[in-house]
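Reproduced below: start_37.cif, with mmCIF, C-alpha atoms.
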```cif
data_coords
#
loop_
_atom_site.label_atom_id
_atom_site.label_comp_id
_atom_site.auth_asym_id
_atom_site.auth_seq_id
_atom_site.Cartn_x
_atom_site.Cartn_y
_atom_site.Cartn_z
CA MET A 17 -116.16 -140.79 6.31
CA VAL A 18 -116.84 -137.90 3.94
CA THR A 19 -113.91 -135.56 3.63
CA GLY A 20 -114.26 -131.82 3.28
CA LYS A 21 -112.99 -131.99 -0.26
CA GLU A 22 -115.61 -134.55 -1.26
CA LEU A 23 -118.36 -132.51 0.36
CA GLU A 24 -117.20 -129.42 -1.48
CA GLY A 25 -117.16 -131.38 -4.72
CA ALA A 26 -120.69 -132.64 -4.12
CA LEU A 27 -121.85 -129.09 -3.40
CA ILE A 28 -120.32 -127.78 -6.62
CA PHE A 29 -121.92 -130.66 -8.51
CA GLU A 30 -125.27 -129.81 -6.92
CA GLN A 31 -124.93 -126.15 -7.82
CA THR A 32 -123.75 -126.58 -11.37
CA MET A 33 -125.07 -129.83 -12.78
CA ASN A 34 -128.38 -130.31 -11.04
CA LYS A 35 -129.92 -126.97 -11.92
CA GLU A 36 -132.67 -126.69 -14.46
CA ARG A 37 -130.71 -125.45 -17.36
CA PRO A 38 -132.28 -123.83 -20.42
CA LEU A 39 -132.69 -126.40 -23.13
CA SER A 40 -131.99 -125.97 -26.79
CA PRO A 41 -133.02 -123.86 -28.73
CA HIS A 42 -132.99 -121.37 -25.82
CA LEU A 43 -136.10 -119.61 -27.07
CA GLN A 44 -136.07 -117.09 -24.19
CA ILE A 45 -132.55 -115.83 -24.79
CA TYR A 46 -132.02 -116.63 -28.45
CA ARG A 47 -132.52 -113.82 -30.92
CA LEU A 48 -134.63 -115.38 -33.67
CA PRO A 49 -133.31 -114.85 -37.18
CA LEU A 50 -135.47 -112.85 -39.58
CA CYS A 51 -136.73 -115.98 -41.29
CA ALA A 52 -138.03 -117.47 -38.02
CA LEU A 53 -139.71 -114.19 -37.03
CA LEU A 54 -141.42 -114.00 -40.41
CA SER A 55 -142.53 -117.60 -40.05
CA ILE A 56 -144.26 -117.07 -36.71
CA PHE A 57 -145.75 -113.83 -38.03
CA HIS A 58 -147.22 -115.83 -40.93
CA ARG A 59 -149.12 -117.94 -38.41
CA ILE A 60 -150.21 -114.93 -36.33
CA THR A 61 -151.56 -113.09 -39.39
CA GLY A 62 -153.26 -116.33 -40.45
CA VAL A 63 -155.15 -116.49 -37.15
CA ILE A 64 -156.03 -112.76 -37.44
CA LEU A 65 -157.42 -113.39 -40.93
CA THR A 66 -159.46 -116.33 -39.63
CA LEU A 67 -161.02 -113.94 -37.10
CA GLY A 68 -161.61 -111.51 -39.98
CA PHE A 69 -163.48 -114.23 -41.85
CA LEU A 70 -165.64 -114.83 -38.78
CA VAL A 71 -166.50 -111.12 -38.51
CA PHE A 72 -167.16 -110.90 -42.27
CA VAL A 73 -169.64 -113.79 -42.21
CA ILE A 74 -171.44 -112.42 -39.14
CA TRP A 75 -171.69 -109.05 -40.90
CA LEU A 76 -173.10 -110.70 -44.07
CA TYR A 77 -175.67 -112.49 -41.95
CA GLN A 78 -176.62 -109.27 -40.14
CA LEU A 79 -177.28 -107.56 -43.46
CA THR A 80 -179.91 -110.21 -44.32
CA ASP A 81 -181.84 -109.25 -41.18
CA SER A 82 -184.70 -106.99 -42.24
CA ASP A 83 -184.70 -105.38 -38.79
CA TYR A 84 -181.13 -104.28 -39.36
CA PRO A 85 -181.19 -100.47 -39.28
CA LYS A 86 -180.74 -99.00 -42.75
CA GLU A 87 -178.45 -96.27 -41.44
CA ALA A 88 -176.08 -98.92 -40.11
CA SER A 89 -174.17 -98.79 -43.39
CA VAL A 90 -172.93 -95.49 -42.03
CA ILE A 91 -170.47 -97.52 -39.94
CA PHE A 92 -168.33 -97.86 -43.04
CA ASN A 93 -167.58 -94.20 -42.68
CA GLY A 94 -166.60 -94.68 -39.07
CA ILE A 95 -162.97 -94.57 -38.04
CA PHE A 96 -163.45 -97.87 -36.16
CA PHE A 97 -164.38 -99.71 -39.37
CA LYS A 98 -161.45 -98.19 -41.25
CA ILE A 99 -158.92 -99.10 -38.56
CA LEU A 100 -160.17 -102.71 -38.51
CA LEU A 101 -160.18 -102.86 -42.31
CA LEU A 102 -156.61 -101.56 -42.52
CA GLY A 103 -155.51 -104.02 -39.83
CA TRP A 104 -156.94 -106.90 -41.79
CA ALA A 105 -155.57 -105.54 -45.07
CA PHE A 106 -152.10 -105.40 -43.48
CA ALA A 107 -152.45 -109.02 -42.27
CA PHE A 108 -153.72 -110.05 -45.72
CA PHE A 109 -150.86 -108.38 -47.61
CA TYR A 110 -148.26 -109.91 -45.30
CA HIS A 111 -149.83 -113.38 -45.47
CA LEU A 112 -150.09 -113.04 -49.26
CA GLY A 113 -146.46 -111.94 -49.69
CA ASN A 114 -145.04 -114.56 -47.36
CA GLY A 115 -147.35 -117.16 -48.93
CA LEU A 116 -145.88 -116.39 -52.35
CA ARG A 117 -142.45 -116.88 -50.76
CA HIS A 118 -143.61 -120.31 -49.64
CA LEU A 119 -144.74 -121.12 -53.19
CA VAL A 120 -141.26 -120.21 -54.47
CA TRP A 121 -139.75 -122.58 -51.88
CA ASP A 122 -142.25 -125.27 -52.87
CA ALA A 123 -140.91 -124.95 -56.40
CA GLY A 124 -137.51 -125.82 -54.90
CA LYS A 125 -135.98 -122.39 -55.44
CA GLY A 126 -134.56 -119.63 -53.27
CA PHE A 127 -132.98 -121.66 -50.47
CA GLU A 128 -129.61 -119.88 -50.40
CA LYS A 129 -129.15 -117.91 -47.19
CA SER A 130 -128.79 -114.61 -49.05
CA GLN A 131 -131.95 -115.33 -51.09
CA ILE A 132 -133.91 -116.14 -47.93
CA GLU A 133 -132.83 -112.85 -46.32
CA LEU A 134 -133.60 -110.92 -49.51
CA GLY A 135 -137.02 -112.57 -49.89
CA GLY A 136 -137.89 -111.72 -46.30
CA MET A 137 -136.92 -108.06 -46.79
CA ILE A 138 -138.96 -107.91 -50.03
CA VAL A 139 -142.02 -109.29 -48.19
CA ILE A 140 -141.65 -106.69 -45.40
CA PHE A 141 -141.30 -103.77 -47.80
CA ALA A 142 -144.08 -105.01 -50.10
CA THR A 143 -146.42 -105.35 -47.10
CA LEU A 144 -145.66 -101.82 -45.90
CA ILE A 145 -146.01 -100.28 -49.37
CA LEU A 146 -149.25 -102.14 -50.21
CA THR A 147 -150.76 -101.27 -46.82
CA ALA A 148 -149.79 -97.62 -47.28
CA ILE A 149 -151.37 -97.53 -50.76
CA TYR A 150 -154.48 -99.26 -49.47
CA ALA A 151 -154.73 -96.88 -46.50
CA PHE A 152 -154.51 -93.98 -48.92
CA LEU A 153 -157.34 -95.43 -51.07
CA VAL A 154 -159.57 -96.20 -48.08
CA ILE A 155 -159.09 -92.89 -46.28
CA PHE A 156 -159.30 -90.54 -49.27
CA MET B 9 -139.89 -154.00 -47.53
CA SER B 10 -140.99 -151.73 -44.75
CA LEU B 11 -138.47 -150.50 -42.22
CA ARG B 12 -141.18 -149.68 -39.69
CA SER B 13 -141.40 -151.67 -36.51
CA PRO B 14 -144.45 -153.90 -35.92
CA LEU B 15 -145.22 -151.86 -32.77
CA SER B 16 -145.44 -148.58 -34.73
CA LYS B 17 -147.79 -150.26 -37.21
CA VAL B 18 -150.25 -151.61 -34.68
CA SER B 19 -150.29 -148.32 -32.75
CA TYR B 20 -151.14 -146.41 -35.97
CA LEU B 21 -148.01 -144.27 -35.83
CA GLY B 22 -146.30 -142.90 -38.89
CA SER B 23 -147.57 -141.54 -42.16
CA ALA B 24 -151.29 -141.71 -42.84
CA LYS B 25 -150.57 -140.88 -46.50
CA ALA B 26 -152.76 -137.78 -46.20
CA GLY B 27 -149.96 -135.22 -45.85
CA PHE B 28 -149.53 -134.46 -49.54
CA SER B 29 -153.24 -133.86 -50.06
CA HIS B 30 -153.31 -131.42 -47.11
CA TRP B 31 -150.27 -129.55 -48.44
CA TRP B 32 -151.60 -129.41 -52.01
CA SER B 33 -155.11 -128.29 -51.00
CA GLN B 34 -153.56 -125.51 -48.94
CA ARG B 35 -151.60 -124.28 -51.98
CA VAL B 36 -154.54 -124.42 -54.40
CA SER B 37 -156.86 -122.57 -51.99
CA ALA B 38 -154.05 -120.05 -51.35
CA ILE B 39 -153.88 -119.18 -55.06
CA ALA B 40 -157.66 -118.81 -55.20
CA ILE B 41 -157.62 -116.49 -52.17
CA ALA B 42 -154.73 -114.44 -53.58
CA LEU B 43 -156.97 -113.51 -56.53
CA LEU B 44 -160.33 -113.34 -54.70
CA GLY B 45 -158.89 -111.48 -51.71
CA ILE B 46 -157.41 -108.73 -53.88
CA TRP B 47 -160.74 -108.45 -55.71
CA LEU B 48 -162.65 -108.13 -52.40
CA LEU B 49 -160.22 -105.58 -50.92
CA ILE B 50 -160.54 -103.42 -54.03
CA GLU B 51 -164.36 -103.66 -53.92
CA ILE B 52 -164.43 -102.74 -50.22
CA ILE B 53 -162.69 -99.42 -50.94
CA ALA B 54 -165.98 -98.15 -52.40
CA TRP B 55 -168.13 -99.18 -49.41
CA PRO B 56 -167.62 -96.12 -47.19
CA ASN B 57 -169.21 -94.00 -49.91
CA PHE B 58 -172.15 -96.37 -50.40
CA SER B 59 -175.70 -95.72 -49.27
CA TYR B 60 -177.68 -98.70 -48.00
CA SER B 61 -179.42 -99.20 -51.36
CA GLU B 62 -176.13 -98.95 -53.24
CA LEU B 63 -174.67 -101.62 -50.98
CA MET B 64 -177.71 -103.84 -51.65
CA SER B 65 -177.40 -103.39 -55.40
CA TRP B 66 -173.73 -104.37 -55.11
CA PHE B 67 -174.86 -107.69 -53.62
CA GLN B 68 -177.42 -108.13 -56.42
CA ASN B 69 -174.75 -108.28 -59.10
CA PRO B 70 -174.40 -111.98 -60.10
CA ILE B 71 -170.61 -111.74 -60.54
CA THR B 72 -170.30 -110.26 -57.05
CA ALA B 73 -172.46 -113.04 -55.60
CA VAL B 74 -170.50 -115.81 -57.34
CA LEU B 75 -167.11 -114.36 -56.38
CA LEU B 76 -168.27 -113.86 -52.78
CA ILE B 77 -169.37 -117.50 -52.56
CA LEU B 78 -166.05 -118.67 -54.02
CA THR B 79 -164.21 -116.43 -51.54
CA ILE B 80 -166.16 -117.88 -48.62
CA ILE B 81 -165.51 -121.48 -49.72
CA SER B 82 -161.79 -121.02 -50.34
CA VAL B 83 -161.15 -118.91 -47.22
CA ALA B 84 -163.06 -121.34 -44.97
CA TYR B 85 -161.15 -124.29 -46.44
CA HIS B 86 -157.73 -122.61 -46.27
CA SER B 87 -158.41 -121.35 -42.74
CA LYS B 88 -159.51 -124.81 -41.61
CA LEU B 89 -156.29 -126.34 -42.97
CA GLY B 90 -154.12 -123.62 -41.41
CA ILE B 91 -155.71 -123.72 -37.95
CA GLU B 92 -155.33 -127.52 -38.07
CA VAL B 93 -151.55 -127.25 -38.50
CA ILE B 94 -151.24 -124.67 -35.70
CA VAL B 95 -153.32 -126.77 -33.28
CA GLU B 96 -151.37 -129.93 -34.14
CA ASP B 97 -148.11 -128.07 -33.44
CA TYR B 98 -148.98 -126.40 -30.15
CA VAL B 99 -151.66 -128.54 -28.46
CA HIS B 100 -150.03 -131.67 -27.10
CA ASN B 101 -152.85 -133.18 -25.06
CA LYS B 102 -154.43 -135.77 -27.34
CA GLY B 103 -157.98 -135.37 -26.04
CA ILE B 104 -157.97 -131.56 -26.14
CA LYS B 105 -156.30 -131.62 -29.55
CA THR B 106 -158.98 -133.88 -31.05
CA MET B 107 -161.73 -131.79 -29.47
CA VAL B 108 -160.30 -128.50 -30.81
CA LEU B 109 -159.77 -129.98 -34.29
CA VAL B 110 -163.32 -131.33 -34.52
CA SER B 111 -164.76 -128.03 -33.22
CA SER B 112 -162.66 -126.05 -35.69
CA THR B 113 -163.89 -128.19 -38.61
CA LEU B 114 -167.53 -127.83 -37.58
CA ILE B 115 -167.26 -124.07 -36.93
CA HIS B 116 -165.64 -123.55 -40.35
CA LEU B 117 -168.38 -125.60 -41.98
CA PHE B 118 -171.07 -123.62 -40.15
CA LEU B 119 -169.50 -120.26 -41.05
CA SER B 120 -169.22 -121.14 -44.74
CA ALA B 121 -172.84 -122.35 -44.86
CA LEU B 122 -174.03 -119.19 -43.06
CA GLY B 123 -171.97 -116.95 -45.35
CA ILE B 124 -173.09 -118.63 -48.58
CA PHE B 125 -176.73 -118.65 -47.51
CA SER B 126 -176.52 -114.95 -46.59
CA VAL B 127 -175.08 -114.13 -50.02
CA PHE B 128 -178.04 -115.96 -51.62
CA ILE B 129 -180.54 -114.03 -49.49
CA LEU B 130 -178.86 -110.71 -50.30
CA PHE B 131 -178.72 -111.60 -54.01
CA PHE B 132 -182.38 -112.50 -54.26
CA GLY B 133 -183.32 -109.62 -51.96
CA ILE B 134 -185.52 -111.84 -49.83
#
```

Kindly present the structure from the file in structure tokens form.
Amino acid sequence: MVTGKELEGALIFEQTMNKERPLSPHLQIYRLPLCALLSIFHRITGVILTLGFLVFVIWLYQLTDSDYPKEASVIFNGIFFKILLLGWAFAFFYHLGNGLRHLVWDAGKGFEKSQIELGGMIVIFATLILTAIYAFLVIF
Amino acid sequence: MSLRSPLSKVSYLGSAKAGFSHWWSQRVSAIAIALLGIWLLIEIIAWPNFSYSELMSWFQNPITAVLLILTIISVAYHSKLGIEVIVEDYVHNKGIKTMVLVSSTLIHLFLSALGIFSVFILFFGI
């Protein structure tokens, strides 16, 4: 005979223990530290640059086509080209900066928490400054 | 003495002794791209002001052609290595993973061949 108390206990067990609980590292609710965000951004910019390589090669091939309209080089003056170029330059500068950070780590240096935070901030600021300079050079 | 179990050995688990080479190649190509990429970005700044014939004469400079070919080789190689790591991390189905990795290798090979050949054509003005 199941008593009321036992039934209640089983219900509580069902409600609390048997639920699908979030598993470590709680990616949906966990605020990623700067270093982790920069790491995933390194991969994202890497994929963006791979797509840039694809477009670059297709463009090189198109130029070899003698039917390619001669005025098509005008597209380099287009805003569309410049936006794409700046997007890829941004991805390149970030990937370059964070890549250099990886080389420093490969040399076995810079693993203190404060150094990791500082390195990350330097990469962010360097990316923004280099992209701004490059945008200035491309636009003017 | 190996601490690995006989089962892991016969099922080809564990290190294939190729990890270091992958890591090192990625670093060497990264340094090449750091230099070549900056060169290319600086060169591209001038493009919007180029006429078609100016762009063609840019391609007919031997240094440009050589650096472009080196850029294509190192970028294709570095990209292939990087995509490999991402696919290995996020694609868990063995069949799909193998298929994506083989496709990625072949596409990278094709793109580098197409790019290098195009640079040759542009250089010789064929």

Can you check which parts of range 11-128 of chain B lie within 10 Å of range 119-128 of chain A? Per residue, the shortest pair of atoms and distance in Å to one decimal, counting all atoms listed in the file, sorted by chain and number, as a tab-separated table.
```
residue	atom	partner	partner_atom	distance
B:Arg35	CA	A:Leu119	CA	7.6
B:Ala38	CA	A:Leu119	CA	9.6
B:Ile39	CA	A:Leu119	CA	9.5
```

Just so the selection is clear, what residues does the PyMOL selection byres ((chain B and resi 44) around 12) cover here, as an mmCIF file with C-alpha atoms, keeping the file's coordinate frame?
```cif
data_model
loop_
_atom_site.group_PDB
_atom_site.id
_atom_site.type_symbol
_atom_site.label_atom_id
_atom_site.label_comp_id
_atom_site.auth_asym_id
_atom_site.auth_seq_id
_atom_site.Cartn_x
_atom_site.Cartn_y
_atom_site.Cartn_z
ATOM 1 C CA PHE A 108 -153.720 -110.050 -45.720
ATOM 2 C CA LEU A 112 -150.090 -113.040 -49.260
ATOM 3 C CA SER B 37 -156.860 -122.570 -51.990
ATOM 4 C CA ALA B 38 -154.050 -120.050 -51.350
ATOM 5 C CA ILE B 39 -153.880 -119.180 -55.060
ATOM 6 C CA ALA B 40 -157.660 -118.810 -55.200
ATOM 7 C CA ILE B 41 -157.620 -116.490 -52.170
ATOM 8 C CA ALA B 42 -154.730 -114.440 -53.580
ATOM 9 C CA LEU B 43 -156.970 -113.510 -56.530
ATOM 10 C CA GLY B 45 -158.890 -111.480 -51.710
ATOM 11 C CA ILE B 46 -157.410 -108.730 -53.880
ATOM 12 C CA TRP B 47 -160.740 -108.450 -55.710
ATOM 13 C CA LEU B 48 -162.650 -108.130 -52.400
ATOM 14 C CA LEU B 49 -160.220 -105.580 -50.920
ATOM 15 C CA ILE B 50 -160.540 -103.420 -54.030
ATOM 16 C CA GLU B 51 -164.360 -103.660 -53.920
ATOM 17 C CA ILE B 71 -170.610 -111.740 -60.540
ATOM 18 C CA THR B 72 -170.300 -110.260 -57.050
ATOM 19 C CA VAL B 74 -170.500 -115.810 -57.340
ATOM 20 C CA LEU B 75 -167.110 -114.360 -56.380
ATOM 21 C CA LEU B 76 -168.270 -113.860 -52.780
ATOM 22 C CA ILE B 77 -169.370 -117.500 -52.560
ATOM 23 C CA LEU B 78 -166.050 -118.670 -54.020
ATOM 24 C CA THR B 79 -164.210 -116.430 -51.540
ATOM 25 C CA ILE B 80 -166.160 -117.880 -48.620
ATOM 26 C CA ILE B 81 -165.510 -121.480 -49.720
ATOM 27 C CA SER B 82 -161.790 -121.020 -50.340
ATOM 28 C CA VAL B 83 -161.150 -118.910 -47.220
#
```

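You will find CA of Asn114 in chain A at 10.4 Å from CA of Met137 in chain A.
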
### Interatomic distance (Å, one decimal) between CA of Ala73 in chain B and CA of Gly123 in chain B
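Here the two named atoms are 11.0 Å from each other.
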
### Message
Using all atoms listed in the file and a cut-off of 8 Å, which residues of chain B sit close to chain A? Please list them as a list of chain:residue names.
### Response
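Therefore, the residues near the partner are B:Arg35, B:Ala38, B:Ala42, B:Leu49, B:Ile53, B:Ala54, B:Trp55, B:Pro56, B:Asn57, B:Phe58, B:Ser59, B:Tyr60, B:Val83, B:Ala84, B:Ser87, B:Gly90, B:Ile91, B:Ile94, B:Leu119, B:Ser120, B:Leu122, B:Gly123, B:Ser126, B:Val127, B:Ile129, B:Leu130.
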
### Query
Quick one: distance from CA of Ser29 in chain B to CA of His58 in chain A in Å, one decimal?
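It comes out at 21.1 Å.
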
#### Entry: A:Leu23, A:Phe96, A:Ala107, A:Gly136 ranked by distance to Ile64 in chain A, top pick (using only C-alpha atoms)
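Selected residue with least distance to Ile64 in chain A: A:Ala107.
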
Need the axis-aligned box for range 43-47 of chain A with 6 Å each side, so what are the centre and edges in Å to one decimal, as AutoDock Vina command-line options?
```
--center_x -134.1 --center_y -116.7 --center_z -27.6 --size_x 16.1 --size_y 17.8 --size_z 18.7
```

Mind writing range 138-151 of chain A to a file for me, with N, CA, C and O atoms, as a PDB file, in the first residue's frame?
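Below is the file decode19.pdb, written as the result:
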```pdb
ATOM      1  N   ILE A 138      43.906  44.319 -26.425  1.00  0.00           N
ATOM      2  CA  ILE A 138      44.814  44.875 -27.440  1.00  0.00           C
ATOM      3  C   ILE A 138      44.360  44.445 -28.833  1.00  0.00           C
ATOM      4  O   ILE A 138      44.318  45.250 -29.766  1.00  0.00           O
ATOM      5  N   VAL A 139      43.978  43.156 -28.970  1.00  0.00           N
ATOM      6  CA  VAL A 139      43.534  42.654 -30.281  1.00  0.00           C
ATOM      7  C   VAL A 139      42.296  43.419 -30.746  1.00  0.00           C
ATOM      8  O   VAL A 139      42.196  43.843 -31.900  1.00  0.00           O
ATOM      9  N   ILE A 140      41.331  43.642 -29.826  1.00  0.00           N
ATOM     10  CA  ILE A 140      40.096  44.347 -30.203  1.00  0.00           C
ATOM     11  C   ILE A 140      40.421  45.767 -30.671  1.00  0.00           C
ATOM     12  O   ILE A 140      39.979  46.203 -31.742  1.00  0.00           O
ATOM     13  N   PHE A 141      41.224  46.474 -29.882  1.00  0.00           N
ATOM     14  CA  PHE A 141      41.533  47.865 -30.246  1.00  0.00           C
ATOM     15  C   PHE A 141      42.365  47.935 -31.524  1.00  0.00           C
ATOM     16  O   PHE A 141      42.126  48.784 -32.385  1.00  0.00           O
ATOM     17  N   ALA A 142      43.329  47.021 -31.665  1.00  0.00           N
ATOM     18  CA  ALA A 142      44.155  47.018 -32.880  1.00  0.00           C
ATOM     19  C   ALA A 142      43.291  46.763 -34.114  1.00  0.00           C
ATOM     20  O   ALA A 142      43.462  47.417 -35.149  1.00  0.00           O
ATOM     21  N   THR A 143      42.335  45.824 -33.988  1.00  0.00           N
ATOM     22  CA  THR A 143      41.443  45.530 -35.117  1.00  0.00           C
ATOM     23  C   THR A 143      40.655  46.768 -35.512  1.00  0.00           C
ATOM     24  O   THR A 143      40.572  47.125 -36.696  1.00  0.00           O
ATOM     25  N   LEU A 144      40.077  47.452 -34.494  1.00  0.00           N
ATOM     26  CA  LEU A 144      39.250  48.623 -34.792  1.00  0.00           C
ATOM     27  C   LEU A 144      40.087  49.734 -35.413  1.00  0.00           C
ATOM     28  O   LEU A 144      39.677  50.358 -36.398  1.00  0.00           O
ATOM     29  N   ILE A 145      41.286  49.960 -34.865  1.00  0.00           N
ATOM     30  CA  ILE A 145      42.125  51.049 -35.372  1.00  0.00           C
ATOM     31  C   ILE A 145      42.594  50.746 -36.797  1.00  0.00           C
ATOM     32  O   ILE A 145      42.510  51.584 -37.691  1.00  0.00           O
ATOM     33  N   LEU A 146      43.074  49.501 -37.021  1.00  0.00           N
ATOM     34  CA  LEU A 146      43.555  49.137 -38.365  1.00  0.00           C
ATOM     35  C   LEU A 146      42.425  49.194 -39.394  1.00  0.00           C
ATOM     36  O   LEU A 146      42.624  49.677 -40.507  1.00  0.00           O
ATOM     37  N   THR A 147      41.227  48.734 -38.989  1.00  0.00           N
ATOM     38  CA  THR A 147      40.094  48.789 -39.924  1.00  0.00           C
ATOM     39  C   THR A 147      39.729  50.231 -40.233  1.00  0.00           C
ATOM     40  O   THR A 147      39.437  50.570 -41.385  1.00  0.00           O
ATOM     41  N   ALA A 148      39.772  51.090 -39.208  1.00  0.00           N
ATOM     42  CA  ALA A 148      39.445  52.502 -39.426  1.00  0.00           C
ATOM     43  C   ALA A 148      40.455  53.145 -40.373  1.00  0.00           C
ATOM     44  O   ALA A 148      40.070  53.863 -41.312  1.00  0.00           O
ATOM     45  N   ILE A 149      41.749  52.861 -40.169  1.00  0.00           N
ATOM     46  CA  ILE A 149      42.782  53.415 -41.053  1.00  0.00           C
ATOM     47  C   ILE A 149      42.575  52.904 -42.473  1.00  0.00           C
ATOM     48  O   ILE A 149      42.630  53.662 -43.447  1.00  0.00           O
ATOM     49  N   TYR A 150      42.294  51.596 -42.577  1.00  0.00           N
ATOM     50  CA  TYR A 150      42.123  51.013 -43.901  1.00  0.00           C
ATOM     51  C   TYR A 150      40.893  51.595 -44.596  1.00  0.00           C
ATOM     52  O   TYR A 150      40.932  51.891 -45.794  1.00  0.00           O
ATOM     53  N   ALA A 151      39.816  51.782 -43.840  1.00  0.00           N
ATOM     54  CA  ALA A 151      38.599  52.375 -44.412  1.00  0.00           C
ATOM     55  C   ALA A 151      38.898  53.769 -44.934  1.00  0.00           C
ATOM     56  O   ALA A 151      38.465  54.153 -46.026  1.00  0.00           O
TER      57      ALA A 151
END
```
